[in-house]
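Q: Input structure: entry_35.txt, which contains compact mmCIF, C-alpha atoms and all ligand atoms.
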# COMPACT_ATOMS: atom_id res chain seq x y z
CA MET A 124 0.20 55.76 -14.49
CA LEU A 125 1.19 52.13 -14.85
CA GLN A 126 1.63 50.98 -18.45
CA ILE A 127 1.39 47.49 -19.91
CA LEU A 128 3.69 46.41 -22.70
CA ASP A 129 2.42 43.51 -24.77
CA ALA A 130 5.30 41.53 -26.27
CA THR A 131 3.27 38.82 -28.04
CA LEU A 132 4.64 39.83 -31.44
CA ARG A 133 8.25 39.88 -30.22
CA GLU A 134 8.80 37.60 -27.20
CA GLY A 135 5.69 35.57 -28.15
CA GLU A 136 7.10 34.79 -31.58
CA GLN A 137 10.16 33.37 -29.83
CA THR A 138 7.94 30.46 -28.76
CA PRO A 139 9.24 27.46 -30.72
CA GLY A 140 7.25 27.01 -33.92
CA VAL A 141 5.18 30.17 -33.60
CA TYR A 142 4.92 32.50 -36.56
CA PHE A 143 2.10 34.93 -37.18
CA ASP A 144 1.32 35.87 -40.76
CA GLU A 145 1.71 39.55 -41.52
CA HIS A 146 -2.02 40.29 -41.61
CA ILE A 147 -2.47 38.37 -38.35
CA LYS A 148 0.30 40.42 -36.75
CA LEU A 149 -1.58 43.53 -37.81
CA ALA A 150 -4.87 42.10 -36.53
CA ILE A 151 -3.33 41.25 -33.14
CA ALA A 152 -1.81 44.72 -32.85
CA ALA A 153 -5.12 46.36 -33.83
CA GLU A 154 -7.01 44.32 -31.21
CA LEU A 155 -4.38 45.15 -28.56
CA ASN A 156 -4.85 48.81 -29.46
CA LYS A 157 -8.64 48.49 -29.06
CA LEU A 158 -8.11 46.78 -25.73
CA GLY A 159 -6.15 49.83 -24.64
CA ILE A 160 -2.70 48.28 -24.28
CA ASP A 161 -0.21 51.07 -23.69
CA ILE A 162 2.78 49.72 -25.60
CA ILE A 163 2.95 47.08 -28.34
CA GLU A 164 6.36 45.54 -28.91
CA ALA A 165 5.84 44.69 -32.57
CA GLY A 166 8.96 42.67 -33.35
CA HIS A 167 12.67 42.62 -33.99
CA PRO A 168 13.04 44.02 -37.54
CA LEU A 169 16.44 42.42 -38.09
CA VAL A 170 15.00 38.89 -37.93
CA SER A 171 13.41 39.00 -41.40
CA SER A 172 12.13 41.38 -44.05
CA GLU A 173 8.61 40.10 -43.28
CA ILE A 174 8.93 41.12 -39.64
CA LYS A 175 10.37 44.48 -40.62
CA PHE A 176 7.42 45.01 -42.98
CA ALA A 177 4.92 44.03 -40.30
CA VAL A 178 6.52 46.34 -37.71
CA THR A 179 6.34 49.17 -40.25
CA GLN A 180 2.66 48.48 -40.96
CA ILE A 181 1.82 48.40 -37.28
CA ALA A 182 3.85 51.52 -36.48
CA ASN A 183 2.11 53.52 -39.20
CA ASN A 184 -1.46 52.87 -38.15
CA ASN A 185 -2.05 55.87 -35.88
CA PHE A 186 -2.73 53.54 -32.97
CA LYS A 187 -3.16 55.08 -29.55
CA SER A 188 -0.77 52.39 -28.30
CA ILE A 189 2.90 53.25 -28.58
CA VAL A 190 4.53 50.84 -31.06
CA GLY A 191 8.01 49.55 -30.28
CA ALA A 192 10.74 47.53 -31.94
CA HIS A 193 13.40 45.35 -30.35
CA ALA A 194 17.08 45.85 -31.17
CA ARG A 195 20.50 44.62 -30.20
CA SER A 196 22.92 47.29 -29.07
CA LEU A 197 24.10 47.92 -32.63
CA LYS A 198 23.57 50.93 -34.89
CA GLN A 199 22.53 48.60 -37.70
CA ASP A 200 19.56 47.39 -35.60
CA VAL A 201 18.69 50.95 -34.58
CA ASP A 202 18.61 52.06 -38.22
CA LEU A 203 16.24 49.25 -39.14
CA ALA A 204 13.91 50.09 -36.27
CA LEU A 205 13.94 53.78 -37.19
CA GLU A 206 13.10 52.93 -40.79
CA CYS A 207 9.97 51.21 -39.46
CA GLY A 208 8.83 54.47 -37.85
CA VAL A 209 8.41 53.13 -34.30
CA GLY A 210 7.88 55.34 -31.25
CA LEU A 211 9.85 53.13 -28.87
CA LEU A 212 13.11 51.31 -29.26
CA GLY A 213 14.06 48.51 -26.87
CA ILE A 214 17.82 47.97 -26.78
CA PHE A 215 19.21 45.01 -24.86
CA TYR A 216 22.75 44.11 -23.94
CA CYS A 217 24.06 41.86 -21.21
CA VAL A 218 26.18 43.17 -18.33
CA SER A 219 27.08 39.94 -16.57
CA ASN A 220 30.83 39.49 -16.29
CA SER A 221 30.68 35.84 -17.33
CA ARG A 222 28.61 36.58 -20.45
CA LEU A 223 30.74 39.59 -21.36
CA SER A 224 34.02 37.69 -21.11
CA GLY A 225 32.72 34.30 -22.27
CA VAL A 226 30.56 35.40 -25.23
CA PHE A 227 31.59 38.93 -26.22
CA ASN A 228 35.20 39.00 -25.03
CA LYS A 229 34.64 42.43 -23.49
CA ASP A 230 34.82 44.07 -20.10
CA ILE A 231 32.00 46.08 -18.54
CA GLY A 232 33.62 49.39 -19.49
CA ALA A 233 33.63 48.48 -23.18
CA ALA A 234 30.05 47.17 -22.95
CA ILE A 235 28.83 50.43 -21.39
CA ALA A 236 30.65 52.44 -24.05
CA GLN A 237 28.86 50.46 -26.77
CA ILE A 238 25.46 50.76 -25.07
CA THR A 239 25.72 54.52 -24.55
CA GLU A 240 27.01 55.13 -28.05
CA VAL A 241 24.06 53.29 -29.58
CA ILE A 242 21.49 55.01 -27.33
CA ALA A 243 22.94 58.45 -28.05
CA TYR A 244 22.92 57.62 -31.76
CA ALA A 245 19.25 56.55 -31.65
CA LYS A 246 18.27 59.74 -29.81
CA SER A 247 20.25 61.91 -32.23
CA GLN A 248 18.38 60.35 -35.15
CA LYS A 249 14.96 60.81 -33.56
CA PRO A 250 14.89 62.96 -30.42
CA ASP A 251 11.28 62.08 -29.47
CA LEU A 252 11.99 58.33 -29.71
CA LEU A 253 11.44 56.57 -26.38
CA VAL A 254 14.46 54.42 -25.63
CA ARG A 255 14.37 51.46 -23.28
CA TYR A 256 17.59 49.85 -22.19
CA THR A 257 17.50 46.31 -20.80
CA PRO A 258 20.54 44.83 -19.09
CA GLU A 259 19.71 41.30 -20.20
CA ASP A 260 19.52 38.79 -17.33
CA THR A 261 19.47 41.84 -15.05
CA VAL A 262 18.68 40.06 -11.82
CA ARG A 263 21.49 37.49 -12.04
CA SER A 264 24.10 40.00 -13.17
CA ASN A 265 26.56 41.85 -10.98
CA PHE A 266 24.48 44.64 -9.39
CA GLN A 267 27.19 47.26 -9.75
CA ASN A 268 27.40 46.52 -13.49
CA VAL A 269 23.61 46.86 -13.81
CA LEU A 270 23.68 50.14 -11.93
CA ASP A 271 26.62 51.60 -13.85
CA ALA A 272 25.16 50.56 -17.21
CA SER A 273 21.72 51.90 -16.28
CA VAL A 274 23.02 55.27 -15.08
CA ALA A 275 25.17 55.62 -18.22
CA ALA A 276 22.20 54.61 -20.40
CA VAL A 277 19.98 57.25 -18.78
CA GLN A 278 22.69 59.88 -19.18
CA ALA A 279 22.93 58.91 -22.86
CA GLY A 280 19.18 59.45 -23.23
CA ALA A 281 17.40 56.21 -22.21
CA ASP A 282 13.89 56.88 -20.89
CA ILE A 283 13.20 53.40 -19.52
CA ILE A 284 15.36 50.82 -17.76
CA SER A 285 13.89 47.33 -17.91
CA ILE A 286 14.67 44.80 -15.21
CA ALA A 287 14.74 41.47 -17.03
CA ASP A 288 14.30 38.24 -15.13
CA THR A 289 15.43 36.49 -18.30
CA THR A 290 15.55 33.02 -16.74
CA GLY A 291 12.62 33.20 -14.31
CA TYR A 292 15.06 33.21 -11.40
CA MET A 293 13.15 35.36 -8.91
CA ILE A 294 11.13 33.67 -6.15
CA PRO A 295 8.87 35.79 -3.94
CA GLY A 296 9.68 35.70 -0.23
CA THR A 297 13.30 34.65 -0.76
CA LYS A 298 16.49 36.62 -1.25
CA ARG A 299 15.64 36.60 -4.94
CA SER A 300 12.73 39.01 -4.55
CA MET A 301 11.57 41.19 -7.46
CA TYR A 302 10.00 43.59 -4.98
CA ALA A 303 13.33 44.15 -3.24
CA TYR A 304 15.20 44.38 -6.55
CA VAL A 305 12.97 47.10 -8.00
CA LYS A 306 13.15 49.11 -4.77
CA LYS A 307 16.93 48.79 -4.58
CA LEU A 308 17.55 49.74 -8.20
CA LYS A 309 15.18 52.71 -8.02
CA ASP A 310 16.84 53.97 -4.82
CA GLU A 311 20.36 53.57 -6.18
CA LEU A 312 19.43 55.28 -9.45
CA ALA A 313 17.90 58.18 -7.53
CA GLU A 314 21.13 58.47 -5.49
CA ARG A 315 22.85 59.00 -8.83
CA ASP A 316 20.23 61.50 -9.98
CA ALA A 317 18.75 59.11 -12.55
CA TYR A 318 14.95 58.81 -12.67
CA PRO A 319 14.04 56.58 -15.64
CA LYS A 320 10.78 54.72 -15.87
CA ILE A 321 11.27 51.18 -14.60
CA ALA A 322 9.93 48.21 -16.53
CA VAL A 323 9.81 44.59 -15.37
CA HIS A 324 10.08 41.63 -17.75
CA CYS A 325 9.40 38.41 -15.85
CA HIS A 326 9.93 34.93 -17.30
CA ASN A 327 7.90 32.03 -16.00
CA ASP A 328 10.47 29.23 -15.70
CA ARG A 329 9.47 28.56 -12.08
CA GLY A 330 5.83 29.60 -12.41
CA PHE A 331 6.23 32.94 -10.61
CA ALA A 332 6.13 35.37 -13.54
CA LEU A 333 2.78 36.92 -12.59
CA THR A 334 3.60 37.12 -8.89
CA ASN A 335 6.97 38.70 -9.65
CA ALA A 336 5.35 41.20 -12.00
CA ILE A 337 2.85 42.18 -9.32
CA ASP A 338 5.73 42.43 -6.83
CA GLY A 339 7.48 44.73 -9.28
CA TYR A 340 4.37 46.89 -9.55
CA ARG A 341 4.04 47.10 -5.76
CA ALA A 342 7.66 48.21 -5.55
CA GLY A 343 7.07 51.05 -8.02
CA ALA A 344 7.60 49.67 -11.54
CA ASP A 345 6.02 51.85 -14.22
CA ILE A 346 5.78 49.31 -17.05
CA ILE A 347 5.03 45.57 -16.98
CA ASP A 348 5.66 43.24 -19.92
CA ALA A 349 3.24 40.44 -20.76
CA THR A 350 2.17 38.27 -23.69
CA ILE A 351 -1.07 36.65 -24.77
CA LEU A 352 -1.16 33.08 -23.41
CA GLY A 353 2.09 33.90 -21.59
CA MET A 354 3.98 32.96 -24.74
CA GLY A 355 7.73 33.37 -25.07
CA GLU A 356 11.07 31.61 -24.78
CA ARG A 357 10.89 28.33 -22.82
CA ALA A 358 8.04 28.65 -20.27
CA GLY A 359 7.22 32.15 -21.54
CA ILE A 360 6.46 35.29 -19.56
CA VAL A 361 3.48 36.84 -17.75
CA ASP A 362 0.03 36.07 -19.15
CA LEU A 363 -1.60 39.31 -20.30
CA ALA A 364 -5.18 38.48 -19.28
CA GLN A 365 -4.26 37.42 -15.76
CA LEU A 366 -2.10 40.49 -15.30
CA LEU A 367 -4.71 42.96 -16.55
CA VAL A 368 -7.53 41.46 -14.51
CA THR A 369 -5.48 41.51 -11.32
CA LEU A 370 -4.22 45.04 -11.82
CA LYS A 371 -7.56 46.49 -12.82
CA LEU A 372 -9.89 44.68 -10.45
CA ASP A 373 -7.75 43.90 -7.45
CA PHE A 374 -5.17 46.70 -7.42
CA GLU A 375 -7.70 49.15 -8.89
CA VAL A 376 -5.25 50.59 -11.40
CA ALA A 377 -7.22 53.33 -13.15
CA ASN A 378 -6.39 52.48 -16.73
CA ASP A 379 -8.85 52.14 -19.61
CA TRP A 380 -8.06 48.52 -20.52
CA ASP A 381 -11.21 46.94 -21.95
CA LEU A 382 -11.15 43.49 -20.36
CA SER A 383 -14.18 42.33 -22.35
CA LYS A 384 -11.96 42.19 -25.45
CA LEU A 385 -9.57 39.60 -24.01
CA ASN A 386 -11.52 36.48 -24.87
CA ASN A 387 -11.76 37.08 -28.64
CA LEU A 388 -8.16 38.21 -28.78
CA TYR A 389 -6.99 35.00 -27.07
CA HIS A 390 -8.93 32.90 -29.56
CA LEU A 391 -7.52 34.85 -32.48
CA VAL A 392 -3.98 34.29 -31.24
CA SER A 393 -4.51 30.68 -30.25
CA GLN A 394 -5.99 29.79 -33.66
CA ASN A 395 -3.10 31.41 -35.44
CA CYS A 396 -0.23 30.01 -33.44
CA GLY A 397 -1.43 26.45 -32.99
CA ILE A 398 -1.25 26.66 -29.19
CA PRO A 399 -4.59 25.72 -27.63
CA ILE A 400 -5.74 27.77 -24.66
CA PRO A 401 -5.36 25.29 -21.77
CA MET A 402 -8.81 24.20 -20.53
CA ASN A 403 -8.04 25.27 -16.98
CA PHE A 404 -6.29 28.55 -17.87
CA PRO A 405 -7.51 31.41 -15.62
CA ILE A 406 -9.75 34.01 -17.32
CA THR A 407 -9.60 32.64 -20.88
CA GLY A 408 -9.60 28.84 -20.45
CA GLN A 409 -12.74 26.95 -21.45
CA ASN A 410 -13.32 25.78 -17.87
CA ALA A 411 -12.43 29.05 -16.14
CA PHE A 412 -16.06 29.75 -15.19
CA THR A 413 -17.53 26.24 -15.41
CA HIS A 414 -18.85 24.49 -12.30
CA CYS A 415 -18.84 20.74 -12.14
CA ALA A 416 -19.54 18.88 -8.88
CA GLY A 417 -23.19 18.66 -7.78
CA VAL A 418 -22.53 20.54 -4.54
CA HIS A 419 -20.96 23.39 -6.50
CA THR A 420 -23.61 23.57 -9.20
CA HIS A 421 -26.37 23.49 -6.58
CA ALA A 422 -24.96 26.60 -4.90
CA ALA A 423 -23.72 28.31 -8.08
CA ALA A 424 -27.11 27.95 -9.77
CA LYS A 425 -28.59 29.97 -6.87
CA ASP A 426 -25.77 32.53 -6.84
CA PRO A 427 -22.56 32.03 -8.84
CA ALA A 428 -20.62 34.10 -6.30
CA HIS A 429 -20.68 31.11 -3.95
CA TYR A 430 -18.02 29.52 -6.15
CA GLN A 431 -16.66 32.48 -8.13
CA SER A 432 -14.45 35.31 -6.96
CA LEU A 433 -14.48 36.92 -10.40
CA ASP A 434 -17.62 37.86 -12.32
CA PRO A 435 -17.20 36.32 -15.80
CA ALA A 436 -19.19 39.20 -17.34
CA VAL A 437 -16.24 41.50 -16.58
CA VAL A 438 -14.19 39.60 -19.13
CA GLY A 439 -17.06 39.08 -21.56
CA ARG A 440 -17.82 35.52 -20.48
CA LYS A 441 -20.64 33.59 -18.80
CA MET A 442 -20.88 31.08 -16.01
CA ASP A 443 -21.36 27.52 -17.21
CA ILE A 444 -22.18 24.17 -15.66
CA SER A 445 -20.60 20.98 -16.86
CA LEU A 446 -22.78 17.92 -17.24
CA ASP A 447 -20.85 14.75 -16.46
CA HIS A 448 -20.38 12.07 -13.79
CA MET A 449 -20.10 14.79 -11.09
CA SER A 450 -23.49 16.31 -11.91
CA GLY A 451 -26.41 16.57 -9.51
CA ILE A 452 -30.09 17.36 -9.96
CA ALA A 453 -29.30 21.10 -9.78
CA SER A 454 -26.97 20.76 -12.78
CA ILE A 455 -29.66 19.07 -14.85
CA LYS A 456 -32.31 21.59 -13.82
CA TRP A 457 -30.01 24.47 -14.72
CA ALA A 458 -29.30 23.02 -18.15
CA LEU A 459 -32.95 22.15 -18.85
CA ASP A 460 -33.90 25.67 -17.88
CA LYS A 461 -31.57 26.94 -20.63
CA LEU A 462 -33.46 24.70 -23.06
CA GLY A 463 -36.83 25.83 -21.74
CA ILE A 464 -37.68 22.26 -20.66
CA ILE A 465 -39.55 21.50 -17.46
CA ALA A 466 -39.22 17.95 -16.14
CA GLU A 467 -40.77 16.13 -13.22
CA ASN A 468 -38.56 14.62 -10.53
CA ASP A 469 -38.80 11.12 -11.85
CA LEU A 470 -37.68 12.15 -15.32
CA LEU A 471 -34.97 14.35 -13.87
CA GLU A 472 -33.53 11.38 -12.00
CA ARG A 473 -33.43 9.28 -15.15
CA ILE A 474 -31.78 12.09 -17.14
CA LEU A 475 -29.21 12.47 -14.37
CA LYS A 476 -28.47 8.75 -14.37
CA LYS A 477 -27.89 8.80 -18.11
CA VAL A 478 -25.70 11.92 -17.93
CA LYS A 479 -23.62 10.37 -15.14
CA SER A 480 -23.09 7.18 -17.09
CA ILE A 481 -21.89 9.19 -20.10
CA GLY A 482 -19.62 11.22 -17.79
CA GLN A 483 -18.05 8.01 -16.50
CA ARG A 484 -16.87 7.38 -20.01
CA GLY A 485 -14.82 10.55 -19.74
CA ARG A 486 -16.82 13.18 -21.56
CA THR A 487 -19.28 15.95 -20.88
CA VAL A 488 -22.79 16.35 -22.25
CA GLY A 489 -23.64 19.51 -24.18
CA LEU A 490 -27.04 21.17 -24.39
CA THR A 491 -27.92 19.74 -27.81
CA GLU A 492 -27.11 16.22 -26.66
CA LEU A 493 -29.10 16.83 -23.49
CA GLU A 494 -32.22 17.62 -25.52
CA TYR A 495 -32.02 14.15 -27.08
CA ILE A 496 -31.26 12.51 -23.76
CA VAL A 497 -34.53 14.02 -22.49
CA GLU A 498 -36.36 12.57 -25.52
CA TRP A 499 -34.68 9.23 -25.05
CA CYS A 500 -35.53 9.12 -21.33
CA LYS A 501 -39.16 10.00 -22.02
CA LYS A 502 -39.44 7.27 -24.66
CA HIS A 503 -37.69 4.80 -22.47
CA GLU A 504 -40.27 5.49 -19.78
CA ILE A 505 -43.16 4.84 -22.18
CA GLU A 506 -41.60 1.72 -23.62
CA GLY A 507 -40.80 0.56 -20.12
C1 LIG A 601 15.59 38.22 -25.55
C2 LIG A 601 15.77 38.33 -24.06
C3 LIG A 601 14.76 39.19 -23.37
C4 LIG A 601 14.98 40.67 -23.63
C5 LIG A 601 14.09 41.58 -22.88
C6 LIG A 601 14.22 43.04 -23.29
C7 LIG A 601 14.90 38.84 -21.87
O1 LIG A 601 14.82 37.35 -25.99
O2 LIG A 601 16.18 38.97 -26.28
O3 LIG A 601 14.85 43.34 -24.29
O4 LIG A 601 13.66 43.88 -22.58
O5 LIG A 601 14.08 38.11 -21.35
O6 LIG A 601 15.88 39.29 -21.29
O7 LIG A 601 13.44 38.84 -23.78
CU CU A 602 12.29 37.72 -22.43
Would you mind writing the file out in structure tokens?

A:
Amino acid sequence: MLQILDATLREGEQTPGVYFDEHIKLAIAAELNKLGIDIIEAGHPLVSSEIKFAVTQIANNNFKSIVGAHARSLKQDVDLALECGVGLLGIFYCVSNSRLSGVFNKDIGAAIAQITEVIAYAKSQKPDLLVRYTPEDTVRSNFQNVLDASVAAVQAGADIISIADTTGYMIPGTKRSMYAYVKKLKDELAERDAYPKIAVHCHNDRGFALTNAIDGYRAGADIIDATILGMGERAGIVDLAQLLVTLKLDFEVANDWDLSKLNNLYHLVSQNCGIPIPMNFPITGQNAFTHCAGVHTHAAAKDPAHYQSLDPAVVGRKMDISLDHMSGIASIKWALDKLGIIAENDLLERILKKVKSIGQRGRTVGLTELEYIVEWCKKHEIEG
């Protein structure tokens, strides 16, 4: 069964300026667990004693979610992660010739020796530990190096190989296809008798993270990484809410993710990282289920499905209608109905005129304000 790995507490904290307090880290992890997220990547314990403490707290909570820590390919990092009591260890090390020679002054043989030694060490310390090996910048690295390192990692005990599109390089429908990459790597691994789970970690530098992740799933990936709000280095990675909704509703993945929990979780994270949820963000954005233009509100008030392909109730939200310069009579009627106010046509027209004039000043009218606009319009009528 497909698994989702949420990396908000690891990759997400690599968003410039983002730091979650320890109790907020625990709250986010607990909410992810309630939502039914399969794996929580809780942090990189080497970064600070606070992060190590938080990873330990999260790992020792008896969550149903598997809790993981991130580590460089060094025994020192493995020891720290093991001290935290995690169930999954994500080890990353690059295999690109230019990085190996330019940054580490190593050849691929030496890199593989280091990777396998560290994986074997981790497994010897805790045999039931799940080990993921990520050849960093997988998709831009020499394929033979990726394959050799992956096979050696599996032989040393790695359970998962993660394909990292570290720079958001993959573009669907071109030679840089995540679908083709996953297929090719799986086939070549099978040729070498290696059958690890395959994860995909897609960055969003070109805006294709979600599409690439779905491509990876279609090609047989077992694990997909995502973060709340798509947070992460630079343009971040796949947005969790969009990914879950698509997989559950459109690809009918039979997992128990509780989509109704997404909205509160997004607000919790947004409030605590200082990144507002963009108004027009799918699923969780304020406007995601709000209809504006008169033609739309007229039809949506009769049946929201005319202008919605996703029922907001599925994600714990409601349809809304915005009152502004685009409004029509149907918008006003819909809003008045919410307030329990019945108005004759003449009054309706005057309310609409007022609402439109406010909208032209660049803002929307809320229900409380509307109540007073109704009063004002009635009075205005009497006073002439
Ligand atoms: C990083 C890079 C990484 C690692 C992914 C992984 C990437 O920030 O360390 O370890 O699976 O995008 O390659 O996030
Ligand atoms: Cu990343």

Q: Can you build me a table of chain A residues sitting at most 6 Å from ligand LIG 601 (chain A), with the closest atom pair per residue and its distance in Å to one decimal, using all atoms listed in the file, sorted by chain and residue number, as CSV?

A:
residue,atom,partner,partner_atom,distance
A:Glu134,CA,A:LIG601,O7,5.9
A:Gly213,CA,A:LIG601,O3,5.8
A:Phe215,CA,A:LIG601,O3,4.7
A:Thr257,CA,A:LIG601,O4,4.9
A:Glu259,CA,A:LIG601,O6,4.5
A:Asp260,CA,A:LIG601,O6,5.4
A:Ser285,CA,A:LIG601,O4,5.8
A:Ala287,CA,A:LIG601,O6,4.9
A:Thr289,CA,A:LIG601,O5,3.7

Q: Output the neighbourhood of ligand CU 602 (chain A) as a list of chain:residue names, that is, all protein and nucleic acid residues with some atom at most 8 Å from the ligand, counting all atoms listed in the file.

A: A:Glu134, A:Ala287, A:Asp288, A:Thr289, A:His324, A:Cys325, A:His326, A:Gly355, A:Glu356, A:Gly359, A:Ile360

Q: For A:Pro295, work out the shell of residues within 9 Å, counting all atoms listed in the file and skipping chain neighbours fewer than 3 positions away, then give it as a list of chain:residue names.

A: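 Non-adjacent residues within range: A:Lys298, A:Arg299, A:Ser300, A:Met301, A:Tyr302, A:Phe331, A:Thr334, A:Asn335, A:Asp338.
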
Q: In Å, how far is it from atom CA of A:Lys441 to atom CA of A:Gly417?

A: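 It comes out at 18.7 Å.
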
Q: Go ahead and compute the interatomic distance for atom CA of A:Leu462 and atom CA of A:Tyr495, in Å to one decimal.

A: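 Between atom CA of A:Leu462 and atom CA of A:Tyr495 the gap works out to 11.4 Å.
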